[in-house]
Amino acid sequence: MDPFLVLLHSVSTRLSSGELMELKFLCQSRVGKRKLERVQSGLDLFSVLLEQSELDGQRTELLRELLVSLRRRDLLRLLDDFEAGATARAPAGERDLCAAFDIICEHVGRDWRRLARQLQVSDTKIDAIEVKHPRSLAEQVRESLRVWRNAAREDAEVSQLVAALKACRLNLVADLVQEGQQARGLQSEGGSGCTGVSLVSWDSDTPAPRASS
């Protein structure tokens with residue numbers, strides 16, 4: 001059974017009718033009016049978001065954003081547990097990319113467009129990312145990295161991110177990514193795991209500070 005679907009089912013069963021109304025309101029920019037009118041439960045809403053590729057087991061940011069808006073710490077803990085487990089189950093290369101994404105999202109700031117272009121993300125897609133996440137700089141950064149990873153597929157490697165960061169003169173961020181990768185390698189040799197999960201705080205609307213080169 002898909003662990004992410006189990007998570008969505010658990011979240012849905014714990015939502016009140018009032019909270020479902022709040023989620024429908026928050027999703028108005030993503031889901032058409034007619035579809036929202038047919039939503040009668042959390043599962044209905046999640047099914048629409050899954051169908052529209054707004055949500056999946058590797059793209060949980062929207063779900064986290066919605067749960068933060070509800071201030072449901074218990075549901076956020078369920079999501080935290082899922083993300084920790086998903087990261088632990090992922091291959092080492094995927095865990096390294098996940099951790100690198102977290103570091104870049106935290107430190108690159110408004111330089112993300114320059115980095116995205118260096119990673120061969122088109123201006124059209126960059127503009128679309130800004131439209132999709134107008135109020136979240138961190139989501140703009142993460143979405144641009146996902147676009148790159150989806151395009152590169154199995155060729156996506158942390159070394160490419162490091163090279164792109166250095167080409168953009170974001171040397172501090174590149175060093176942080178490399179240091180993190182080396183630390184995880186040492187932990188793996190010592191037999192301890194690394195979750196690499198970056199949790200969103202309750203009042204994390206403020207953009208991350210821009211890193212100097």
# chains A, B, ... in the order shown; residues from 1 in each chain; ligands from 1
>>> closest_atom_pairs(of="segment 32-141 of chain A", to="segment 170-178 of chain A", cutoff="12 Å", atoms="only C-alpha atoms", output="CSV")
residue,atom,partner,partner_atom,distance
A:Asp96,CA,A:Val177,CA,9.0
A:Leu97,CA,A:Val177,CA,9.4
A:Cys98,CA,A:Val177,CA,10.7
A:Ala99,CA,A:Val177,CA,8.0
A:Ala100,CA,A:Val177,CA,5.5
A:Phe101,CA,A:Val177,CA,8.7
A:Asp102,CA,A:Val177,CA,9.3
A:Ile103,CA,A:Val177,CA,6.5
A:Ile104,CA,A:Val173,CA,6.7
A:Cys105,CA,A:Val173,CA,9.9
A:Glu106,CA,A:Val173,CA,9.3
A:His107,CA,A:Val173,CA,6.5
A:Val108,CA,A:Val173,CA,7.1
A:Gly109,CA,A:Val173,CA,10.7
A:Arg110,CA,A:Leu170,CA,11.8
A:Asp111,CA,A:Leu170,CA,8.7
A:Trp112,CA,A:Leu170,CA,10.3
A:Arg114,CA,A:Leu170,CA,10.2
A:Leu115,CA,A:Leu170,CA,8.9
A:Gln118,CA,A:Leu170,CA,11.8
>>> write_last_selection(atoms="N, CA, C and O atoms", output="JSON list (two decimals), in the first residue's frame")
[["chain", "number", "residue", "atom", "x", "y", "z"],
["A", 96, "ASP", "N", 20.94, 12.55, -0.98],
["A", 96, "ASP", "CA", 21.89, 13.66, -1.14],
["A", 96, "ASP", "C", 21.24, 14.83, -1.87],
["A", 96, "ASP", "O", 21.44, 16.00, -1.50],
["A", 97, "LEU", "N", 20.47, 14.54, -2.92],
["A", 97, "LEU", "CA", 19.79, 15.61, -3.66],
["A", 97, "LEU", "C", 18.77, 16.31, -2.76],
["A", 97, "LEU", "O", 18.66, 17.54, -2.77],
["A", 98, "CYS", "N", 18.03, 15.52, -2.00],
["A", 98, "CYS", "CA", 17.03, 16.08, -1.10],
["A", 98, "CYS", "C", 17.68, 17.04, -0.11],
["A", 98, "CYS", "O", 17.19, 18.16, 0.12],
["A", 99, "ALA", "N", 18.78, 16.62, 0.49],
["A", 99, "ALA", "CA", 19.47, 17.45, 1.46],
["A", 99, "ALA", "C", 20.07, 18.69, 0.80],
["A", 99, "ALA", "O", 20.04, 19.79, 1.36],
["A", 100, "ALA", "N", 20.60, 18.52, -0.42],
["A", 100, "ALA", "CA", 21.15, 19.67, -1.16],
["A", 100, "ALA", "C", 20.05, 20.68, -1.47],
["A", 100, "ALA", "O", 20.26, 21.90, -1.36],
["A", 101, "PHE", "N", 18.88, 20.19, -1.84],
["A", 101, "PHE", "CA", 17.74, 21.08, -2.12],
["A", 101, "PHE", "C", 17.42, 21.91, -0.87],
["A", 101, "PHE", "O", 17.16, 23.11, -0.97],
["A", 102, "ASP", "N", 17.40, 21.25, 0.29],
["A", 102, "ASP", "CA", 17.09, 21.96, 1.53],
["A", 102, "ASP", "C", 18.08, 23.09, 1.78],
["A", 102, "ASP", "O", 17.71, 24.21, 2.16],
["A", 103, "ILE", "N", 19.36, 22.80, 1.60],
["A", 103, "ILE", "CA", 20.40, 23.81, 1.82],
["A", 103, "ILE", "C", 20.25, 24.96, 0.85],
["A", 103, "ILE", "O", 20.33, 26.14, 1.22],
["A", 104, "ILE", "N", 20.04, 24.64, -0.43],
["A", 104, "ILE", "CA", 19.91, 25.68, -1.45],
["A", 104, "ILE", "C", 18.68, 26.54, -1.18],
["A", 104, "ILE", "O", 18.73, 27.77, -1.27],
["A", 105, "CYS", "N", 17.57, 25.91, -0.82],
["A", 105, "CYS", "CA", 16.34, 26.67, -0.53],
["A", 105, "CYS", "C", 16.53, 27.61, 0.65],
["A", 105, "CYS", "O", 15.94, 28.69, 0.70],
["A", 106, "GLU", "N", 17.35, 27.20, 1.59],
["A", 106, "GLU", "CA", 17.55, 28.01, 2.79],
["A", 106, "GLU", "C", 18.49, 29.19, 2.55],
["A", 106, "GLU", "O", 18.34, 30.24, 3.18],
["A", 107, "HIS", "N", 19.43, 29.04, 1.61],
["A", 107, "HIS", "CA", 20.50, 30.03, 1.50],
["A", 107, "HIS", "C", 20.56, 30.82, 0.18],
["A", 107, "HIS", "O", 21.17, 31.89, 0.17],
["A", 108, "VAL", "N", 19.97, 30.33, -0.88],
["A", 108, "VAL", "CA", 20.14, 31.01, -2.18],
["A", 108, "VAL", "C", 19.32, 32.30, -2.27],
["A", 108, "VAL", "O", 19.77, 33.29, -2.83],
["A", 109, "GLY", "N", 18.12, 32.29, -1.72],
["A", 109, "GLY", "CA", 17.30, 33.50, -1.74],
["A", 109, "GLY", "C", 16.95, 33.93, -3.15],
["A", 109, "GLY", "O", 16.65, 33.12, -4.02],
["A", 110, "ARG", "N", 16.99, 35.24, -3.40],
["A", 110, "ARG", "CA", 16.53, 35.78, -4.68],
["A", 110, "ARG", "C", 17.47, 35.50, -5.84],
["A", 110, "ARG", "O", 17.16, 35.84, -6.99],
["A", 111, "ASP", "N", 18.60, 34.88, -5.56],
["A", 111, "ASP", "CA", 19.52, 34.49, -6.64],
["A", 111, "ASP", "C", 19.06, 33.21, -7.34],
["A", 111, "ASP", "O", 19.75, 32.70, -8.22],
["A", 112, "TRP", "N", 17.90, 32.68, -6.96],
["A", 112, "TRP", "CA", 17.46, 31.40, -7.51],
["A", 112, "TRP", "C", 17.25, 31.46, -9.03],
["A", 112, "TRP", "O", 17.48, 30.46, -9.72],
["A", 114, "ARG", "N", 18.98, 33.12, -11.24],
["A", 114, "ARG", "CA", 20.28, 32.97, -11.88],
["A", 114, "ARG", "C", 20.74, 31.52, -11.83],
["A", 114, "ARG", "O", 21.27, 30.99, -12.82],
["A", 115, "LEU", "N", 20.52, 30.88, -10.69],
["A", 115, "LEU", "CA", 20.88, 29.47, -10.55],
["A", 115, "LEU", "C", 20.04, 28.61, -11.50],
["A", 115, "LEU", "O", 20.56, 27.68, -12.14],
["A", 118, "GLN", "N", 21.31, 28.77, -14.93],
["A", 118, "GLN", "CA", 22.56, 28.02, -15.03],
["A", 118, "GLN", "C", 22.28, 26.53, -15.15],
["A", 118, "GLN", "O", 23.04, 25.79, -15.79]]
>>> residues_around(residues="Leu23 of chain A", least_positions_apart="4", cutoff="9 Å", atoms="only C-alpha atoms", output="PyMOL selection string")
chain A and resi 18-19+27-28+42+45+66-67+69-70
>>> write_last_selection(atoms="N, CA and C atoms", output="PDB file, in the first residue's frame")
ATOM      1  N   GLY A  18     -15.387  22.324   9.012  1.00  0.00           N
ATOM      2  CA  GLY A  18     -14.902  23.702   8.920  1.00  0.00           C
ATOM      3  C   GLY A  18     -13.504  23.769   8.326  1.00  0.00           C
ATOM      4  N   GLU A  19     -12.659  22.830   8.719  1.00  0.00           N
ATOM      5  CA  GLU A  19     -11.291  22.809   8.181  1.00  0.00           C
ATOM      6  C   GLU A  19     -11.296  22.456   6.702  1.00  0.00           C
ATOM      7  N   CYS A  27      -7.445  26.535  -1.790  1.00  0.00           N
ATOM      8  CA  CYS A  27      -7.095  25.876  -3.053  1.00  0.00           C
ATOM      9  C   CYS A  27      -7.817  26.467  -4.267  1.00  0.00           C
ATOM     10  N   GLN A  28      -8.496  27.588  -4.080  1.00  0.00           N
ATOM     11  CA  GLN A  28      -9.257  28.168  -5.175  1.00  0.00           C
ATOM     12  C   GLN A  28      -8.397  28.529  -6.381  1.00  0.00           C
ATOM     13  N   GLY A  42     -11.941  15.478   2.594  1.00  0.00           N
ATOM     14  CA  GLY A  42     -10.519  15.699   2.360  1.00  0.00           C
ATOM     15  C   GLY A  42      -9.988  14.809   1.251  1.00  0.00           C
ATOM     16  N   LEU A  45     -10.689  16.269  -2.133  1.00  0.00           N
ATOM     17  CA  LEU A  45      -9.775  17.368  -2.452  1.00  0.00           C
ATOM     18  C   LEU A  45      -8.390  16.843  -2.801  1.00  0.00           C
ATOM     19  N   LEU A  66      -0.797  23.737   3.567  1.00  0.00           N
ATOM     20  CA  LEU A  66      -2.210  23.696   3.953  1.00  0.00           C
ATOM     21  C   LEU A  66      -2.374  23.351   5.437  1.00  0.00           C
ATOM     22  N   LEU A  67      -1.591  22.383   5.905  1.00  0.00           N
ATOM     23  CA  LEU A  67      -1.700  21.984   7.312  1.00  0.00           C
ATOM     24  C   LEU A  67      -1.191  23.071   8.250  1.00  0.00           C
ATOM     25  N   SER A  69      -1.484  26.213   7.642  1.00  0.00           N
ATOM     26  CA  SER A  69      -2.560  27.211   7.672  1.00  0.00           C
ATOM     27  C   SER A  69      -3.668  26.823   8.648  1.00  0.00           C
ATOM     28  N   LEU A  70      -3.872  25.517   8.827  1.00  0.00           N
ATOM     29  CA  LEU A  70      -4.876  25.028   9.788  1.00  0.00           C
ATOM     30  C   LEU A  70      -4.340  25.004  11.212  1.00  0.00           C
TER      31      LEU A  70
END
>>> closest_residue(among="A:Ala152, A:Leu55, A:Leu62, A:Leu8", to="Phe82 of chain A", atoms="only C-alpha atoms")
A:Leu8
>>> closest_residue(among="A:Ala156, A:Leu165, A:Ala84, A:Ala116", to="Val141 of chain A", atoms="only C-alpha atoms")
A:Ala116
>>> closest_residue(among="A:Ala138, A:Leu7, A:Arg149, A:Gln182", to="Arg77 of chain A", atoms="only C-alpha atoms")
A:Leu7
>>> closest_atom_pairs(of="segment 136-192 of chain A", to="segment 121-129 of chain A", cutoff="12 Å", atoms="only C-alpha atoms", output="tab-separated table")
residue	atom	partner	partner_atom	distance
A:Ser136	CA	A:Ile129	CA	10.3
A:Leu137	CA	A:Ile129	CA	10.1
A:Ala138	CA	A:Ile129	CA	11.2
A:Glu139	CA	A:Ile129	CA	8.6
A:Gln140	CA	A:Ile129	CA	5.9
A:Val141	CA	A:Ile129	CA	8.8
A:Arg142	CA	A:Ile129	CA	9.7
A:Glu143	CA	A:Ile129	CA	6.8
A:Ser144	CA	A:Ile126	CA	7.0
A:Leu145	CA	A:Val121	CA	8.8
A:Arg146	CA	A:Val121	CA	10.2
A:Val147	CA	A:Val121	CA	7.2
A:Trp148	CA	A:Val121	CA	6.3
A:Arg149	CA	A:Val121	CA	10.1
A:Asn150	CA	A:Val121	CA	10.7
A:Ala151	CA	A:Val121	CA	8.8
A:Ala152	CA	A:Val121	CA	10.6
A:Ala164	CA	A:Val121	CA	11.9
>>> atom_distance(atom1="atom CA of Lys35 of chain A", atom2="atom CA of Ser47 of chain A")
10.7 Å
>>> atom_distance(atom1="atom CA of His133 of chain A", atom2="atom CA of Glu54 of chain A")
12.1 Å
>>> closest_residue(among="A:Leu79, A:Leu15, A:Val48, A:Met21", to="Glu61 of chain A", atoms="only C-alpha atoms")
A:Leu79
>>> decode(residues="segment 80-145 of chain A", atoms="C-alpha atoms", output="PDB file, in the first residue's frame")
ATOM      1  CA  ASP A  80       6.991  14.763   9.337  1.00  0.00           C
ATOM      2  CA  ASP A  81       6.959  11.024  10.028  1.00  0.00           C
ATOM      3  CA  PHE A  82       6.103  10.267   6.397  1.00  0.00           C
ATOM      4  CA  GLU A  83       8.868  12.515   5.046  1.00  0.00           C
ATOM      5  CA  ALA A  84      11.439  11.045   7.416  1.00  0.00           C
ATOM      6  CA  GLY A  85      10.482   7.538   6.350  1.00  0.00           C
ATOM      7  CA  ALA A  86      10.415   8.414   2.646  1.00  0.00           C
ATOM      8  CA  THR A  87      13.867   9.941   2.833  1.00  0.00           C
ATOM      9  CA  ALA A  88      15.255   6.972   4.751  1.00  0.00           C
ATOM     10  CA  ARG A  89      13.851   4.583   2.118  1.00  0.00           C
ATOM     11  CA  ALA A  90      15.311   6.579  -0.783  1.00  0.00           C
ATOM     12  CA  PRO A  91      18.625   5.627  -2.450  1.00  0.00           C
ATOM     13  CA  ALA A  92      21.717   7.444  -1.206  1.00  0.00           C
ATOM     14  CA  GLY A  93      21.881   9.664  -4.300  1.00  0.00           C
ATOM     15  CA  GLU A  94      18.282  10.760  -3.843  1.00  0.00           C
ATOM     16  CA  ARG A  95      18.894  11.532  -0.170  1.00  0.00           C
ATOM     17  CA  ASP A  96      21.888  13.659  -1.144  1.00  0.00           C
ATOM     18  CA  LEU A  97      19.785  15.609  -3.655  1.00  0.00           C
ATOM     19  CA  CYS A  98      17.027  16.080  -1.100  1.00  0.00           C
ATOM     20  CA  ALA A  99      19.474  17.449   1.461  1.00  0.00           C
ATOM     21  CA  ALA A 100      21.153  19.666  -1.159  1.00  0.00           C
ATOM     22  CA  PHE A 101      17.745  21.077  -2.116  1.00  0.00           C
ATOM     23  CA  ASP A 102      17.087  21.962   1.529  1.00  0.00           C
ATOM     24  CA  ILE A 103      20.404  23.806   1.823  1.00  0.00           C
ATOM     25  CA  ILE A 104      19.910  25.680  -1.446  1.00  0.00           C
ATOM     26  CA  CYS A 105      16.336  26.673  -0.530  1.00  0.00           C
ATOM     27  CA  GLU A 106      17.555  28.010   2.791  1.00  0.00           C
ATOM     28  CA  HIS A 107      20.502  30.028   1.495  1.00  0.00           C
ATOM     29  CA  VAL A 108      20.139  31.011  -2.176  1.00  0.00           C
ATOM     30  CA  GLY A 109      17.304  33.496  -1.739  1.00  0.00           C
ATOM     31  CA  ARG A 110      16.526  35.776  -4.677  1.00  0.00           C
ATOM     32  CA  ASP A 111      19.517  34.486  -6.644  1.00  0.00           C
ATOM     33  CA  TRP A 112      17.457  31.399  -7.509  1.00  0.00           C
ATOM     34  CA  ARG A 113      16.613  32.703 -10.995  1.00  0.00           C
ATOM     35  CA  ARG A 114      20.283  32.969 -11.881  1.00  0.00           C
ATOM     36  CA  LEU A 115      20.882  29.468 -10.554  1.00  0.00           C
ATOM     37  CA  ALA A 116      17.868  28.113 -12.453  1.00  0.00           C
ATOM     38  CA  ARG A 117      19.157  29.545 -15.734  1.00  0.00           C
ATOM     39  CA  GLN A 118      22.562  28.016 -15.035  1.00  0.00           C
ATOM     40  CA  LEU A 119      20.773  24.673 -14.632  1.00  0.00           C
ATOM     41  CA  GLN A 120      19.151  25.192 -18.061  1.00  0.00           C
ATOM     42  CA  VAL A 121      15.669  25.942 -16.720  1.00  0.00           C
ATOM     43  CA  SER A 122      13.978  28.092 -19.375  1.00  0.00           C
ATOM     44  CA  ASP A 123      12.781  31.632 -18.743  1.00  0.00           C
ATOM     45  CA  THR A 124       9.260  30.478 -19.586  1.00  0.00           C
ATOM     46  CA  LYS A 125       9.360  27.919 -16.779  1.00  0.00           C
ATOM     47  CA  ILE A 126      10.945  30.425 -14.413  1.00  0.00           C
ATOM     48  CA  ASP A 127       8.092  32.847 -15.090  1.00  0.00           C
ATOM     49  CA  ALA A 128       5.560  30.043 -14.539  1.00  0.00           C
ATOM     50  CA  ILE A 129       7.183  29.193 -11.198  1.00  0.00           C
ATOM     51  CA  GLU A 130       6.866  32.800 -10.044  1.00  0.00           C
ATOM     52  CA  VAL A 131       3.187  32.816 -11.006  1.00  0.00           C
ATOM     53  CA  LYS A 132       2.568  29.490  -9.260  1.00  0.00           C
ATOM     54  CA  HIS A 133       4.257  30.537  -5.989  1.00  0.00           C
ATOM     55  CA  PRO A 134       3.933  34.344  -5.864  1.00  0.00           C
ATOM     56  CA  ARG A 135       4.253  34.643  -2.090  1.00  0.00           C
ATOM     57  CA  SER A 136       6.798  31.963  -1.249  1.00  0.00           C
ATOM     58  CA  LEU A 137      10.416  32.488  -2.203  1.00  0.00           C
ATOM     59  CA  ALA A 138      11.390  29.103  -0.769  1.00  0.00           C
ATOM     60  CA  GLU A 139       8.793  27.362  -2.936  1.00  0.00           C
ATOM     61  CA  GLN A 140      10.054  29.202  -6.011  1.00  0.00           C
ATOM     62  CA  VAL A 141      13.561  27.915  -5.322  1.00  0.00           C
ATOM     63  CA  ARG A 142      12.417  24.358  -4.636  1.00  0.00           C
ATOM     64  CA  GLU A 143      10.138  24.233  -7.669  1.00  0.00           C
ATOM     65  CA  SER A 144      12.977  25.365  -9.954  1.00  0.00           C
ATOM     66  CA  LEU A 145      15.166  22.576  -8.560  1.00  0.00           C
TER      67      LEU A 145
END
